[in-house]
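**Q** My structure file protein_28.cif, mmCIF, C-alpha atoms and all ligand atoms, is below:
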data_coords
#
loop_
_atom_site.label_atom_id
_atom_site.label_comp_id
_atom_site.auth_asym_id
_atom_site.auth_seq_id
_atom_site.Cartn_x
_atom_site.Cartn_y
_atom_site.Cartn_z
CA MET A 1 0.00 0.00 0.00
CA VAL A 2 1.19 3.49 -0.82
CA TRP A 3 0.10 7.03 0.03
CA ARG A 4 -2.39 8.16 -2.56
CA ALA A 5 -2.89 11.70 -1.29
CA PHE A 6 -1.23 14.36 0.83
CA LEU A 7 -3.56 16.64 2.79
CA PHE A 8 -1.82 19.89 3.69
CA ASP A 9 -2.75 22.19 6.53
CA VAL A 10 -1.98 25.86 5.77
CA ASP A 11 -1.17 28.09 8.73
CA GLY A 12 2.07 27.06 10.37
CA THR A 13 2.52 24.21 7.87
CA LEU A 14 2.76 25.69 4.37
CA ALA A 15 4.06 28.96 5.82
CA GLU A 16 4.68 30.64 9.17
CA THR A 17 1.62 32.82 8.84
CA GLU A 18 0.48 33.21 12.42
CA ARG A 19 2.80 35.56 14.34
CA ASP A 20 3.79 38.00 11.61
CA ALA A 21 0.75 37.92 9.36
CA HIS A 22 -2.55 36.77 10.96
CA ARG A 23 -1.67 38.37 14.34
CA VAL A 24 -0.57 41.63 12.73
CA ALA A 25 -3.72 41.69 10.56
CA PHE A 26 -5.97 41.16 13.61
CA ASN A 27 -4.29 44.10 15.38
CA HIS A 28 -4.71 46.38 12.34
CA ALA A 29 -8.38 45.41 12.17
CA PHE A 30 -8.93 46.17 15.87
CA LYS A 31 -7.47 49.64 15.30
CA ASP A 32 -9.64 50.23 12.22
CA HIS A 33 -12.72 49.40 14.29
CA GLN A 34 -11.63 51.78 17.12
CA LEU A 35 -11.07 48.92 19.52
CA ASP A 36 -8.21 49.27 22.00
CA TRP A 37 -7.40 45.54 21.83
CA TYR A 38 -3.88 44.39 21.11
CA TRP A 39 -2.72 40.78 20.74
CA ASP A 40 0.97 40.50 21.56
CA GLU A 41 3.00 37.45 20.55
CA ARG A 42 2.51 35.66 23.85
CA LEU A 43 -1.22 36.29 24.10
CA TYR A 44 -1.65 35.24 20.46
CA GLY A 45 0.08 31.94 21.28
CA GLU A 46 -2.61 31.30 23.92
CA LEU A 47 -5.42 32.36 21.59
CA LEU A 48 -4.24 29.87 18.97
CA ASP A 49 -5.87 27.19 21.14
CA VAL A 50 -9.03 28.29 19.34
CA THR A 51 -8.93 27.78 15.58
CA GLY A 52 -10.71 30.09 13.15
CA GLY A 53 -10.39 33.87 13.25
CA LYS A 54 -14.03 34.64 14.09
CA GLU A 55 -14.04 31.94 16.76
CA ARG A 56 -10.77 33.34 18.17
CA ILE A 57 -12.22 36.87 18.45
CA ARG A 58 -15.32 35.52 20.21
CA HIS A 59 -13.16 33.48 22.59
CA TYR A 60 -11.14 36.62 23.43
CA LEU A 61 -14.36 38.55 24.10
CA THR A 62 -15.83 36.00 26.45
CA THR A 63 -12.78 34.66 28.27
CA HIS A 64 -10.39 37.64 28.33
CA LEU A 65 -12.75 40.63 28.27
CA LYS A 66 -15.53 38.72 30.07
CA ILE A 67 -18.17 40.10 27.70
CA VAL A 68 -20.89 37.50 27.80
CA ASP A 69 -24.05 39.45 27.06
CA ASP A 70 -25.23 40.98 23.76
CA GLN A 71 -23.74 38.02 21.87
CA LYS A 72 -26.15 38.57 18.98
CA GLN A 73 -25.01 42.17 18.62
CA TRP A 74 -21.39 41.03 18.62
CA ASP A 75 -22.04 38.48 15.85
CA GLU A 76 -22.29 41.23 13.25
CA LEU A 77 -19.30 43.15 14.58
CA ILE A 78 -17.14 40.00 14.72
CA LYS A 79 -17.95 39.36 11.05
CA LEU A 80 -16.98 42.94 10.16
CA ILE A 81 -13.76 42.88 12.18
CA HIS A 82 -12.86 39.55 10.62
CA GLN A 83 -13.47 40.82 7.07
CA THR A 84 -11.22 43.82 7.80
CA LYS A 85 -8.63 41.43 9.20
CA THR A 86 -8.78 39.29 6.05
CA ASN A 87 -8.19 42.40 3.90
CA HIS A 88 -5.10 43.31 5.94
CA TYR A 89 -3.86 39.72 5.82
CA LEU A 90 -4.24 39.61 2.02
CA ALA A 91 -2.31 42.90 1.73
CA LEU A 92 0.54 41.40 3.80
CA LEU A 93 0.62 38.33 1.54
CA HIS A 94 0.68 40.49 -1.60
CA GLU A 95 3.70 42.32 -0.18
CA GLY A 96 5.44 38.93 -0.39
CA LEU A 97 6.20 38.91 3.35
CA VAL A 98 5.17 35.29 3.94
CA PRO A 99 7.46 32.70 2.31
CA LEU A 100 6.72 28.97 2.22
CA ARG A 101 8.43 26.80 4.83
CA PRO A 102 11.49 24.77 3.75
CA GLY A 103 10.75 21.78 1.55
CA VAL A 104 7.08 22.59 0.95
CA LYS A 105 7.48 23.57 -2.71
CA ARG A 106 9.81 20.62 -3.36
CA LEU A 107 7.46 18.05 -1.81
CA LEU A 108 4.41 19.46 -3.62
CA GLU A 109 6.27 19.31 -6.94
CA GLU A 110 7.45 15.74 -6.27
CA ALA A 111 3.90 14.70 -5.38
CA ARG A 112 2.61 16.11 -8.65
CA THR A 113 5.30 14.31 -10.62
CA GLU A 114 4.52 11.01 -8.89
CA GLY A 115 0.75 11.34 -9.24
CA ILE A 116 0.02 11.73 -5.55
CA ARG A 117 -3.22 13.65 -5.15
CA LEU A 118 -3.20 16.91 -3.19
CA ALA A 119 -5.66 18.75 -0.98
CA ILE A 120 -5.67 21.69 1.39
CA VAL A 121 -7.41 21.19 4.75
CA THR A 122 -7.51 24.35 6.84
CA THR A 123 -9.59 26.47 9.17
CA THR A 124 -8.53 29.70 7.53
CA THR A 125 -10.58 31.66 4.98
CA PRO A 126 -10.53 30.38 1.34
CA ASP A 127 -9.34 33.80 0.03
CA ASN A 128 -6.29 33.55 2.31
CA VAL A 129 -5.39 30.10 0.97
CA ILE A 130 -5.71 31.15 -2.65
CA ALA A 131 -3.61 34.28 -2.10
CA LEU A 132 -0.88 32.35 -0.29
CA LEU A 133 -0.69 29.74 -3.05
CA GLU A 134 -0.73 32.29 -5.89
CA ASN A 135 1.88 34.50 -4.26
CA SER A 136 4.26 31.69 -3.39
CA LEU A 137 3.74 29.04 -6.09
CA GLY A 138 2.35 30.97 -9.04
CA LYS A 139 -0.99 31.90 -10.53
CA HIS A 140 -2.08 28.38 -11.50
CA SER A 141 -0.94 26.55 -8.37
CA VAL A 142 -4.48 26.52 -6.94
CA GLU A 143 -5.24 23.93 -9.63
CA TRP A 144 -2.62 21.59 -8.14
CA PHE A 145 -5.09 20.89 -5.34
CA GLU A 146 -8.04 18.68 -6.07
CA VAL A 147 -9.87 19.93 -2.98
CA ILE A 148 -9.50 23.14 -0.99
CA ALA A 149 -11.33 22.53 2.27
CA ALA A 150 -11.26 25.83 4.10
CA GLY A 151 -12.96 28.12 6.60
CA ASP A 152 -16.67 27.73 7.30
CA ILE A 153 -17.14 24.74 4.97
CA VAL A 154 -17.94 22.66 8.07
CA LYS A 155 -19.59 23.87 11.26
CA SER A 156 -17.04 22.55 13.77
CA LYS A 157 -13.47 23.56 13.00
CA LYS A 158 -10.30 21.70 14.04
CA PRO A 159 -9.68 19.97 16.45
CA ALA A 160 -13.00 18.46 15.32
CA PRO A 161 -12.35 15.92 12.54
CA ASP A 162 -15.21 17.24 10.36
CA ILE A 163 -13.08 19.00 7.76
CA TYR A 164 -10.98 15.86 7.28
CA HIS A 165 -14.10 13.68 6.99
CA TRP A 166 -15.46 16.14 4.43
CA THR A 167 -12.21 16.02 2.43
CA LEU A 168 -12.03 12.20 2.42
CA LYS A 169 -15.57 12.09 1.13
CA GLN A 170 -14.85 14.61 -1.64
CA MET A 171 -11.81 12.62 -2.75
CA ALA A 172 -13.43 9.21 -2.26
CA LEU A 173 -10.36 8.01 -0.37
CA ARG A 174 -9.87 5.96 2.78
CA ALA A 175 -8.13 7.58 5.73
CA ASP A 176 -5.15 5.19 5.56
CA GLU A 177 -4.48 6.13 1.93
CA CYS A 178 -3.83 9.75 2.97
CA LEU A 179 -1.08 11.51 4.88
CA ALA A 180 -2.01 14.71 6.70
CA ILE A 181 0.73 17.31 7.11
CA GLU A 182 0.06 19.57 10.07
CA ASP A 183 1.93 21.76 12.55
CA SER A 184 -0.21 21.78 15.68
CA GLU A 185 -1.99 19.71 18.29
CA ASN A 186 -5.39 20.95 17.07
CA GLY A 187 -4.55 19.88 13.53
CA LEU A 188 -3.16 16.55 14.71
CA ARG A 189 -6.29 15.84 16.75
CA ALA A 190 -8.54 16.65 13.81
CA ALA A 191 -6.67 14.38 11.40
CA THR A 192 -6.13 11.57 13.91
CA GLN A 193 -9.80 11.50 14.90
CA ALA A 194 -10.57 11.03 11.22
CA GLY A 195 -8.09 8.11 11.23
CA ILE A 196 -5.53 9.88 9.04
CA PRO A 197 -1.82 9.32 9.82
CA THR A 198 -0.15 12.68 10.41
CA LEU A 199 3.28 14.16 9.87
CA ILE A 200 3.98 17.18 12.06
CA THR A 201 6.32 20.04 11.15
CA ILE A 202 6.55 21.94 14.42
CA ASN A 203 7.09 25.67 14.85
CA ASP A 204 7.70 28.03 17.78
CA TYR A 205 4.02 28.15 18.75
CA THR A 206 3.55 24.38 18.68
CA ARG A 207 6.84 22.79 19.83
CA GLN A 208 5.59 22.32 23.44
CA GLN A 209 2.24 20.83 22.44
CA GLU A 210 1.11 17.22 22.90
CA LEU A 211 2.06 15.69 19.56
CA SER A 212 2.84 12.09 20.50
CA ASP A 213 0.10 10.66 18.24
CA ALA A 214 1.97 11.89 15.17
CA LEU A 215 3.47 9.39 12.73
CA LEU A 216 6.56 11.56 12.54
CA ILE A 217 7.63 14.88 14.08
CA VAL A 218 10.18 17.04 12.27
CA ASP A 219 11.27 20.67 12.52
CA HIS A 220 10.52 21.20 8.82
CA LEU A 221 10.39 19.13 5.62
CA GLY A 222 14.04 19.78 4.75
CA ASP A 223 15.70 20.62 1.47
CA THR A 224 18.90 19.53 -0.28
CA ASP A 225 20.90 22.30 1.37
CA PHE A 226 18.86 22.46 4.60
CA GLN A 227 18.57 19.21 6.54
CA CYS A 228 15.57 18.59 8.76
CA GLN A 229 15.70 16.99 12.20
CA GLN A 230 13.42 14.30 13.57
CA LEU A 231 12.12 14.24 17.16
CA HIS A 232 12.12 10.74 18.56
CA ASN A 233 11.88 9.79 22.24
CA GLY A 234 12.59 13.38 23.23
CA GLN A 235 15.79 13.55 21.14
CA TRP A 236 16.41 15.46 17.92
CA SER A 237 18.45 13.74 15.21
CA PRO A 238 19.30 14.65 11.58
CA LEU A 239 16.98 13.22 8.95
CA GLY A 240 17.88 15.02 5.68
CA GLN A 241 14.82 15.82 3.63
CA ILE A 242 11.33 14.35 3.58
CA ASP A 243 10.74 13.04 0.08
CA ILE A 244 8.21 10.66 -1.43
CA SER A 245 10.39 7.56 -1.30
CA PHE A 246 11.10 8.19 2.39
CA LEU A 247 7.37 8.64 3.08
CA GLN A 248 6.36 5.50 1.16
CA ARG A 249 9.02 3.52 3.06
CA LEU A 250 7.73 4.89 6.35
CA LYS A 251 4.19 3.79 5.47
CA LYS A 252 5.39 0.27 4.78
CA GLU A 253 7.52 0.10 7.96
CA LYS A 254 4.58 1.26 10.10
CA CYS A 255 2.24 -1.23 8.35
CA ILE A 256 -0.29 1.45 7.46
C1 LIG A 301 -5.16 28.27 11.44
C2 LIG A 301 -6.13 29.05 12.18
C3 LIG A 301 -6.72 30.19 11.54
C4 LIG A 301 -5.87 31.40 11.34
C5 LIG A 301 -6.76 32.57 11.05
O1 LIG A 301 -5.61 26.95 11.31
O2 LIG A 301 -6.47 28.72 13.28
O3 LIG A 301 -7.74 30.56 12.39
O4 LIG A 301 -5.16 31.71 12.52
O5 LIG A 301 -7.50 32.38 9.90
P1 LIG A 301 -4.89 25.93 10.30
P2 LIG A 301 -8.92 33.11 9.68
O6 LIG A 301 -3.48 25.78 10.81
O7 LIG A 301 -5.70 24.69 10.44
O8 LIG A 301 -4.93 26.49 8.92
O9 LIG A 301 -8.87 34.42 10.39
O10 LIG A 301 -9.03 33.27 8.19
O11 LIG A 301 -9.99 32.21 10.24
MG MG A 302 -1.79 24.85 11.33
#
Show the structure stored in the file as structure tokens.
**A**
Amino acid sequence: MVWRAFLFDVDGTLAETERDAHRVAFNHAFKDHQLDWYWDERLYGELLDVTGGKERIRHYLTTHLKIVDDQKQWDELIKLIHQTKTNHYLALLHEGLVPLRPGVKRLLEEARTEGIRLAIVTTTTPDNVIALLENSLGKHSVEWFEVIAAGDIVKSKKPAPDIYHWTLKQMALRADECLAIEDSENGLRAATQAGIPTLITINDYTRQQELSDALLIVDHLGDTDFQCQQLHNGQWSPLGQIDISFLQRLKKEKCI
């Protein structure tokens, strides 16, 4: 048995979007809406426990600002703030400030060459995904992905498995034919609950999270001139680069 599809998360996995792009865009939006809120890097790390920008704003309102009444009234404002945030985020992407993580472009290209099917599975807004792909991989790269599962396409966002279930159904694939590539505990929980083996590329916001259910944990996917490291039993060791033959071998070794 071989992997037939790779399902890529976006934020933190394709690119380090959170600290210097999403967070910055949220803060610009708060200012535009005359709100004196500011999410610093540490606070944003905590808020990342909640996936989805609208959901994250609501969580901040209720748990940090203790605003629990007038929820209906806030619904409209949250939508407006979030749209403003998306506009700022898109502007940051268009400035070319958000590069892909190491090895992402290489692995996507290899997958295309070898006929491995591709999908995006993310909680972020579809416009954000399209802009990131177009800016980093070229105008037609959106077509590389058979499915773009994003944003409000399902009601319950990660860590719920719904978006992965939805994607499997769209692609008519079994969970064990797919490899999810994620960066966080929420992403890992979503994929794992859908039965999909998961490779984790950690980052600064996720390195302390509970990731032991992952098939493999690395610091990034690696490139010819930039070796990746693997985390195994609490120890980091050099691994080289994650390519298709390595991943197919891993599948066989783990009897998936
Ligand atoms: C990332 C997220 C998103 C982004 C914000 O999830 O949690 O909420 O932070 O995106 P994933 P929006 O890693 O699964 O992509 O503001 O567009 O919701
Ligand atoms: Mg992520």
**Q** Could you tell me how far CA of Thr125 in chain A lies from atom C5 of ligand LIG 301 (chain A), in Å and to one decimal?
**A** 7.2 Å
**Q** At what distance in Å, to one decimal, does CA of Arg56 in chain A lie from CA of Trp166 in chain A?
**A**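 So the answer is 22.5 Å.
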**Q** One number please: CA of Ala180 in chain A to CA of Phe8 in chain A, in Å, one decimal.
**A**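 Separation between CA of Ala180 in chain A and CA of Phe8 in chain A: 6.0 Å.
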**Q** Compare A:Ala131, A:Ile256, A:Ile57, A:Ile153 by their minimum atom-to-atom distance to Ala175 in chain A, counting only C-alpha atoms, and give me the closest one.
**A**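 Checking each of A:Ala131, A:Ile256, A:Ile57, A:Ile153 against Ala175 in chain A, counting only C-alpha atoms, the winner is A:Ile256.
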**Q** Would you mind listing, for every residue of chain A within 10 Å of ligand LIG 301 (chain A), the two atoms forming the shortest contact and the distance between them in Å to one decimal, using all atoms listed in the file, sorted by chain and ascending residue number, as JSON lines?
**A**
{"residue": "A:Phe8", "atom": "CA", "partner": "A:LIG301", "partner_atom": "O8", "distance": 9.0}
{"residue": "A:Asp9", "atom": "CA", "partner": "A:LIG301", "partner_atom": "O8", "distance": 5.4}
{"residue": "A:Val10", "atom": "CA", "partner": "A:LIG301", "partner_atom": "O8", "distance": 4.4}
{"residue": "A:Asp11", "atom": "CA", "partner": "A:LIG301", "partner_atom": "O6", "distance": 3.9}
{"residue": "A:Gly12", "atom": "CA", "partner": "A:LIG301", "partner_atom": "O6", "distance": 5.7}
{"residue": "A:Thr13", "atom": "CA", "partner": "A:LIG301", "partner_atom": "O6", "distance": 6.9}
{"residue": "A:Leu14", "atom": "CA", "partner": "A:LIG301", "partner_atom": "O6", "distance": 9.0}
{"residue": "A:Ala15", "atom": "CA", "partner": "A:LIG301", "partner_atom": "O6", "distance": 9.6}
{"residue": "A:Glu16", "atom": "CA", "partner": "A:LIG301", "partner_atom": "O6", "distance": 9.6}
{"residue": "A:Thr17", "atom": "CA", "partner": "A:LIG301", "partner_atom": "O4", "distance": 7.8}
{"residue": "A:Glu18", "atom": "CA", "partner": "A:LIG301", "partner_atom": "O4", "distance": 5.8}
{"residue": "A:Arg19", "atom": "CA", "partner": "A:LIG301", "partner_atom": "O4", "distance": 9.0}
{"residue": "A:Ala21", "atom": "CA", "partner": "A:LIG301", "partner_atom": "O4", "distance": 9.1}
{"residue": "A:His22", "atom": "CA", "partner": "A:LIG301", "partner_atom": "O4", "distance": 5.9}
{"residue": "A:Arg23", "atom": "CA", "partner": "A:LIG301", "partner_atom": "O4", "distance": 7.7}
{"residue": "A:Ala25", "atom": "CA", "partner": "A:LIG301", "partner_atom": "O9", "distance": 8.9}
{"residue": "A:Phe26", "atom": "CA", "partner": "A:LIG301", "partner_atom": "O9", "distance": 8.0}
{"residue": "A:Tyr44", "atom": "CA", "partner": "A:LIG301", "partner_atom": "O4", "distance": 9.4}
{"residue": "A:Leu47", "atom": "CA", "partner": "A:LIG301", "partner_atom": "O4", "distance": 9.1}
{"residue": "A:Leu48", "atom": "CA", "partner": "A:LIG301", "partner_atom": "O2", "distance": 6.2}
{"residue": "A:Asp49", "atom": "CA", "partner": "A:LIG301", "partner_atom": "O2", "distance": 8.0}
{"residue": "A:Val50", "atom": "CA", "partner": "A:LIG301", "partner_atom": "O2", "distance": 6.6}
{"residue": "A:Thr51", "atom": "CA", "partner": "A:LIG301", "partner_atom": "O2", "distance": 3.5}
{"residue": "A:Gly52", "atom": "CA", "partner": "A:LIG301", "partner_atom": "O3", "distance": 3.1}
{"residue": "A:Gly53", "atom": "CA", "partner": "A:LIG301", "partner_atom": "O9", "distance": 3.3}
{"residue": "A:Lys54", "atom": "CA", "partner": "A:LIG301", "partner_atom": "O11", "distance": 6.1}
{"residue": "A:Glu55", "atom": "CA", "partner": "A:LIG301", "partner_atom": "O11", "distance": 7.7}
{"residue": "A:Arg56", "atom": "CA", "partner": "A:LIG301", "partner_atom": "O3", "distance": 7.1}
{"residue": "A:Ile57", "atom": "CA", "partner": "A:LIG301", "partner_atom": "O9", "distance": 9.1}
{"residue": "A:Ile81", "atom": "CA", "partner": "A:LIG301", "partner_atom": "O9", "distance": 9.9}
{"residue": "A:His82", "atom": "CA", "partner": "A:LIG301", "partner_atom": "O9", "distance": 6.5}
{"residue": "A:Gln83", "atom": "CA", "partner": "A:LIG301", "partner_atom": "O9", "distance": 8.6}
{"residue": "A:Lys85", "atom": "CA", "partner": "A:LIG301", "partner_atom": "O9", "distance": 7.1}
{"residue": "A:Thr86", "atom": "CA", "partner": "A:LIG301", "partner_atom": "O10", "distance": 6.4}
{"residue": "A:Tyr89", "atom": "CA", "partner": "A:LIG301", "partner_atom": "O10", "distance": 8.6}
{"residue": "A:Ile120", "atom": "CA", "partner": "A:LIG301", "partner_atom": "O8", "distance": 9.0}
{"residue": "A:Val121", "atom": "CA", "partner": "A:LIG301", "partner_atom": "O7", "distance": 6.9}
{"residue": "A:Thr122", "atom": "CA", "partner": "A:LIG301", "partner_atom": "O8", "distance": 3.9}
{"residue": "A:Thr123", "atom": "CA", "partner": "A:LIG301", "partner_atom": "O7", "distance": 4.5}
{"residue": "A:Thr124", "atom": "CA", "partner": "A:LIG301", "partner_atom": "O10", "distance": 3.7}
{"residue": "A:Thr125", "atom": "CA", "partner": "A:LIG301", "partner_atom": "O10", "distance": 3.9}
{"residue": "A:Pro126", "atom": "CA", "partner": "A:LIG301", "partner_atom": "O10", "distance": 7.6}
{"residue": "A:Asp127", "atom": "CA", "partner": "A:LIG301", "partner_atom": "O10", "distance": 8.2}
{"residue": "A:Asn128", "atom": "CA", "partner": "A:LIG301", "partner_atom": "O10", "distance": 6.5}
{"residue": "A:Val129", "atom": "CA", "partner": "A:LIG301", "partner_atom": "O10", "distance": 8.7}
{"residue": "A:Ala150", "atom": "CA", "partner": "A:LIG301", "partner_atom": "O8", "distance": 8.0}
{"residue": "A:Gly151", "atom": "CA", "partner": "A:LIG301", "partner_atom": "O11", "distance": 6.2}
{"residue": "A:Asp152", "atom": "CA", "partner": "A:LIG301", "partner_atom": "O11", "distance": 8.6}
{"residue": "A:Lys157", "atom": "CA", "partner": "A:LIG301", "partner_atom": "O7", "distance": 8.3}
{"residue": "A:Lys158", "atom": "CA", "partner": "A:LIG301", "partner_atom": "O7", "distance": 6.6}
{"residue": "A:Pro159", "atom": "CA", "partner": "A:LIG301", "partner_atom": "O7", "distance": 8.6}
{"residue": "A:Ile163", "atom": "CA", "partner": "A:LIG301", "partner_atom": "O7", "distance": 9.7}
{"residue": "A:Glu182", "atom": "CA", "partner": "A:LIG301", "partner_atom": "O6", "distance": 7.2}
{"residue": "A:Asp183", "atom": "CA", "partner": "A:LIG301", "partner_atom": "O6", "distance": 7.0}
{"residue": "A:Ser184", "atom": "CA", "partner": "A:LIG301", "partner_atom": "O6", "distance": 7.1}
{"residue": "A:Glu185", "atom": "CA", "partner": "A:LIG301", "partner_atom": "O6", "distance": 9.7}
{"residue": "A:Asn186", "atom": "CA", "partner": "A:LIG301", "partner_atom": "O7", "distance": 7.6}
{"residue": "A:Gly187", "atom": "CA", "partner": "A:LIG301", "partner_atom": "O7", "distance": 5.8}
{"residue": "A:Leu188", "atom": "CA", "partner": "A:LIG301", "partner_atom": "O7", "distance": 9.5}
{"residue": "A:Ala190", "atom": "CA", "partner": "A:LIG301", "partner_atom": "O7", "distance": 9.2}
**Q** Residues near range 238-240 of chain A, anyone? I mean within 12 Å using all atoms listed in the file, not counting same-chain ones fewer than 3 positions away, as a count of residues only.
**A** 22
**Q** For Ile181 in chain A, list every protein, DNA or RNA residue within 6 Å, evaluated using only C-alpha atoms, and leave out those in the same chain fewer than 3 positions away; present the list as a list in words.
**A**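 Selected residues are Phe8, Thr198, Leu199 and Ile200 of chain A.
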**Q** Using only C-alpha atoms, which of A:Arg4, A:Ile78, A:Val104, A:Gly115 sits nearest Thr201 in chain A?
**A**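 Among the listed residues, A:Val104 lies closest to Thr201 in chain A.
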**Q** For Ala172 in chain A, please output as a PyMOL selection string all residues within 12 Å (counting only C-alpha atoms; exclusion window: fewer than 3 positions along the same chain).
**A** chain A and resi 4-5+117+146-147+164-169+175+177-178
**Q** When you count only C-alpha atoms and all ligand atoms, which of these residues is closest to ligand MG 302 (chain A): A:His140, A:Arg189, A:Arg106, A:Lys252?
**A**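 Looking at the shortest contact to ligand MG 302 (chain A), the residue is A:Arg189.
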**Q** I'd like to know which of A:Pro161, A:Met171, A:Tyr38, A:Tyr205 is closest to ligand MG 302 (chain A), using all atoms listed in the file.
**A** A:Tyr205
**Q** So, with all atoms listed in the file as the atoms that count, which of A:Ala91, A:Lys251, A:Arg112, A:Leu7 lies closest to ligand MG 302 (chain A)?
**A**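 Smallest distance to ligand MG 302 (chain A) is found for A:Leu7.
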**Q** Given all atoms listed in the file as the basis, pick out the residue of A:Leu132, A:Glu46, A:Leu35, A:Ala149 nearest to Leu92 in chain A.
**A**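 So, comparing all the options, the nearest one is A:Leu132.
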**Q** Counting all atoms listed in the file, write as a PyMOL selection string all protein and nucleic acid residues lying at most 12 Å from (4.1, 20.1, -7.9) in the file's frame.
**A** chain A and resi 6+103-118+133+137-138+140-145
**Q** Those same residues, written as an mmCIF file, keeping the file's coordinate frame with C-alpha atoms?
**A**
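File produced: part.cif:
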data_model
loop_
_atom_site.group_PDB
_atom_site.id
_atom_site.type_symbol
_atom_site.label_atom_id
_atom_site.label_comp_id
_atom_site.auth_asym_id
_atom_site.auth_seq_id
_atom_site.Cartn_x
_atom_site.Cartn_y
_atom_site.Cartn_z
ATOM 1 C CA PHE A 6 -1.230 14.360 0.830
ATOM 2 C CA GLY A 103 10.750 21.780 1.550
ATOM 3 C CA VAL A 104 7.080 22.590 0.950
ATOM 4 C CA LYS A 105 7.480 23.570 -2.710
ATOM 5 C CA ARG A 106 9.810 20.620 -3.360
ATOM 6 C CA LEU A 107 7.460 18.050 -1.810
ATOM 7 C CA LEU A 108 4.410 19.460 -3.620
ATOM 8 C CA GLU A 109 6.270 19.310 -6.940
ATOM 9 C CA GLU A 110 7.450 15.740 -6.270
ATOM 10 C CA ALA A 111 3.900 14.700 -5.380
ATOM 11 C CA ARG A 112 2.610 16.110 -8.650
ATOM 12 C CA THR A 113 5.300 14.310 -10.620
ATOM 13 C CA GLU A 114 4.520 11.010 -8.890
ATOM 14 C CA GLY A 115 0.750 11.340 -9.240
ATOM 15 C CA ILE A 116 0.020 11.730 -5.550
ATOM 16 C CA ARG A 117 -3.220 13.650 -5.150
ATOM 17 C CA LEU A 118 -3.200 16.910 -3.190
ATOM 18 C CA LEU A 133 -0.690 29.740 -3.050
ATOM 19 C CA LEU A 137 3.740 29.040 -6.090
ATOM 20 C CA GLY A 138 2.350 30.970 -9.040
ATOM 21 C CA HIS A 140 -2.080 28.380 -11.500
ATOM 22 C CA SER A 141 -0.940 26.550 -8.370
ATOM 23 C CA VAL A 142 -4.480 26.520 -6.940
ATOM 24 C CA GLU A 143 -5.240 23.930 -9.630
ATOM 25 C CA TRP A 144 -2.620 21.590 -8.140
ATOM 26 C CA PHE A 145 -5.090 20.890 -5.340
#
